[in-house]
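K.L.:
Mind looking over this structure? Questions follow.
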Amino acid sequence: MPERLEYEMKLHLVIRLSTGFLCLSLLACQQQNNSEPQQTVALPPADEVILRPESPKRQYVEEAVVEPVQRPLMDSVTGKITYDEIRTARVSSPIAGRVIGDIAPLGASVRKGDTLAVLDSPDLGEAQSAYAGAMADLNLAERNFQRLQELYDNGIAPRKEHEQAEDNLARTRSEAERARLKLANLGARPGRMDNRFSLHAPIPGAVTERAINPGMEVRPDLAAPLFVISDLRQLWVQMDIFEKDIGLIHAGTKILLKVPAYPNENFTATVSYISQVVDETSRTVKVRCILPNPDGRLLPSMFAAIEVQSDPGDLAIVVPLTSLFTENESDWVYVNIGDYHYRQRPVKVGLRLKDRAVILEGLKPGEHFVVHGALLLRTEQDTVHQTGESHP
């Protein structure tokens, strides 16, 4: 019995010592935790979001500066660059013949009157012979009339012969003039009998098309012209404008063109003619524009994306549609208020086009707004305010 009492006393002492050590350990840990300052993170306002410096999301956010530009009037349309027909000539042969000698090559620059090709033409020989014969008959008729005129004045020749000589002179003079005009229309000079017909350039320009080869037989009724000569320093742009938009343009309106050959450049043309007829099938109106081309880089038959512009003084703020997002039936953008600190801002949208929109209210010139990455920022904003912490 004394041994059992001694054992219980020792066990009770061990339990008390263990409890004391545990309490001291807990107290030490509590004091250590209380000695470390607690860090608190202040969340941005509900309409703002901040990307931390280490956030990889920064590389997906693209910004731009708000700058007023000429107000767009309608969606861009597709047009086609063509010859300026006022500065273009399609040259055919007015006479049949066979091609001999040199031919003006494609791309050659020619002046008015330069020889494009030479033909051996029997028809020209006949015309030259007819002219020579008509001139001989005219000379004979003039001499006969002069002789009879003297006899008639002296009372020797009867009046009837004098009148016949006068009538014959008039007929031969008319025939000689007809033969001369035929040669003139062919572009041939009188007095030559070599059957050589020279095809001349009617205007200055470049040979842009050629449908003639050495030895070829040509006729006036060929469907295709033998040469196309055009001054490519000025071209036309043809486009179709929808009936609903035709009231937005007028003669003198400026348009901007982009062509696939020069994707980073804009070219300017001016509306010169608006058709007076609406196409009943497409409900479009044909519009023609004058396009300066001093360096010759633009070529006929090129396709172009065309933007019709307002007057130079009519400016507006235009943003890409990727910068807008819709929430609660309103349009919003993100504006950078400093070092990847973005604020959600409502905007009023006017004309909405295929890839951009005109902003009437909400943005000011000089501000930085998000062009790409608005939805990423919206997701980040929701995540921060739902969880209370930002995720990189």
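Chain identifiers are assigned as A, B, and so on, following the order in which chains appear in the structure tokens; residues are numbered from 1 within each chain, and ligands are numbered from 1 in order of appearance.
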Set the distance at 9 Å and use only C-alpha atoms: which residues neighbour Met216 of chain A once local chain neighbours fewer than 3 positions away are removed? I'd like the list as a VMD selection string.
P.N.:
chain A and resid 97 to 100 212 to 213
K.L.:
Need the shell around Ser272 of chain A: protein/DNA/RNA residues with any atom at most 7 Å away, counting only C-alpha atoms. Skip same-chain ones fewer than 6 positions apart. Format as a list in words?
P.N.:
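Once the nearby chain positions are removed, what remains is Ala251, Gly252, Arg288, Cys289 and Ile290 of chain A.
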K.L.:
Show which residues sit within 10 Å of Thr208 of chain A, as a list in words. Count only C-alpha atoms, and ignore same-chain residues fewer than 5 positions away.
P.N.:
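Contacts, in chain order: Thr88, Pro105, Leu106, Gly107, Ala108, Ser109, Phe227, Val228, Ile229, Ser230, Asp231, Leu232 and Pro300 of chain A.
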K.L.:
Quick check, in Å to one decimal: how far apart do atom CA of Leu116 of chain A and atom CA of Asp221 of chain A lie?
P.N.:
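It comes out at 18.7 Å.
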K.L.:
Could you check how far atom CA of Ser301 of chain A sits from atom CA of Glu209 of chain A, in Å to one decimal?
P.N.:
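It comes out at 12.8 Å.
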K.L.:
Would you give me, as a ChimeraX atom specification, the residues in segment 162-334 of chain A that DSSP reads as strand (DSSP E)?
P.N.:
/A:196-200,205-210,217-218,227-230,234-242,254-259,262-278,284-292,303-308,315-320,325-327,330-334
K.L.:
Give the answer as one residue: which of A:Leu360, A:Met302, A:Ala184, A:Ala136 has the shortest atom-to-atom distance to Leu315 of chain A, using only C-alpha atoms?
P.N.:
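Closest to Leu315 of chain A of all the choices is A:Leu360.
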K.L.:
Find the residue from A:Pro263, A:Ala211, A:Glu48, A:Gly205 that sits nearest to Arg233 of chain A; use only C-alpha atoms when measuring.
P.N.:
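Checking each candidate against Arg233 of chain A, we get A:Gly205 as the closest.
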K.L.:
By how many Å are atom CA of Thr383 of chain A and atom CA of Asp339 of chain A apart?
P.N.:
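We find that atom CA of Thr383 of chain A and atom CA of Asp339 of chain A lie 20.0 Å from each other.
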K.L.:
As a list in words, which residues of segment 216-389 of chain A does DSSP assign to alpha helix (DSSP H)?
P.N.:
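Answer for segment 216-389 of chain A restricted to alpha helix (DSSP H) is Ala374, Leu375, Leu376, Leu377, Arg378, Thr379, Glu380, Gln381, Asp382, Thr383, Val384, His385, Gln386 and Thr387 of chain A.
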K.L.:
May I ask which of the residues A:Leu256, A:Ile337, A:Leu226, A:Ala188 is the closest one to Val207 of chain A, counting only C-alpha atoms?
P.N.:
A:Leu226
K.L.:
If we count only C-alpha atoms and set the cut-off at 8 Å, which residues sit around segment 316-326 of chain A, ignoring sequence neighbours fewer than 5 positions away in its own chain? Please answer as a list in words.
P.N.:
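In the requested format, the answer is Val66, Glu67, Pro68, Val69, Gln70, Arg71, Asp331, Trp332, Val333, Tyr334, Asp355, Arg356, Ala357, Val358, Ile359, Leu360, Leu363, Pro365, Phe369, Val370, Val371, His372, Gly373, Ala374 and Leu375 of chain A.
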K.L.:
Taking 3 positions as the minimum chain separation for residues in the same chain, which residues sit within 10 Å of Ile246 of chain A when counting only C-alpha atoms? Answer as an MDAnalysis selection string.
P.N.:
chainID A and resid 240:243 249:250 274 284:287
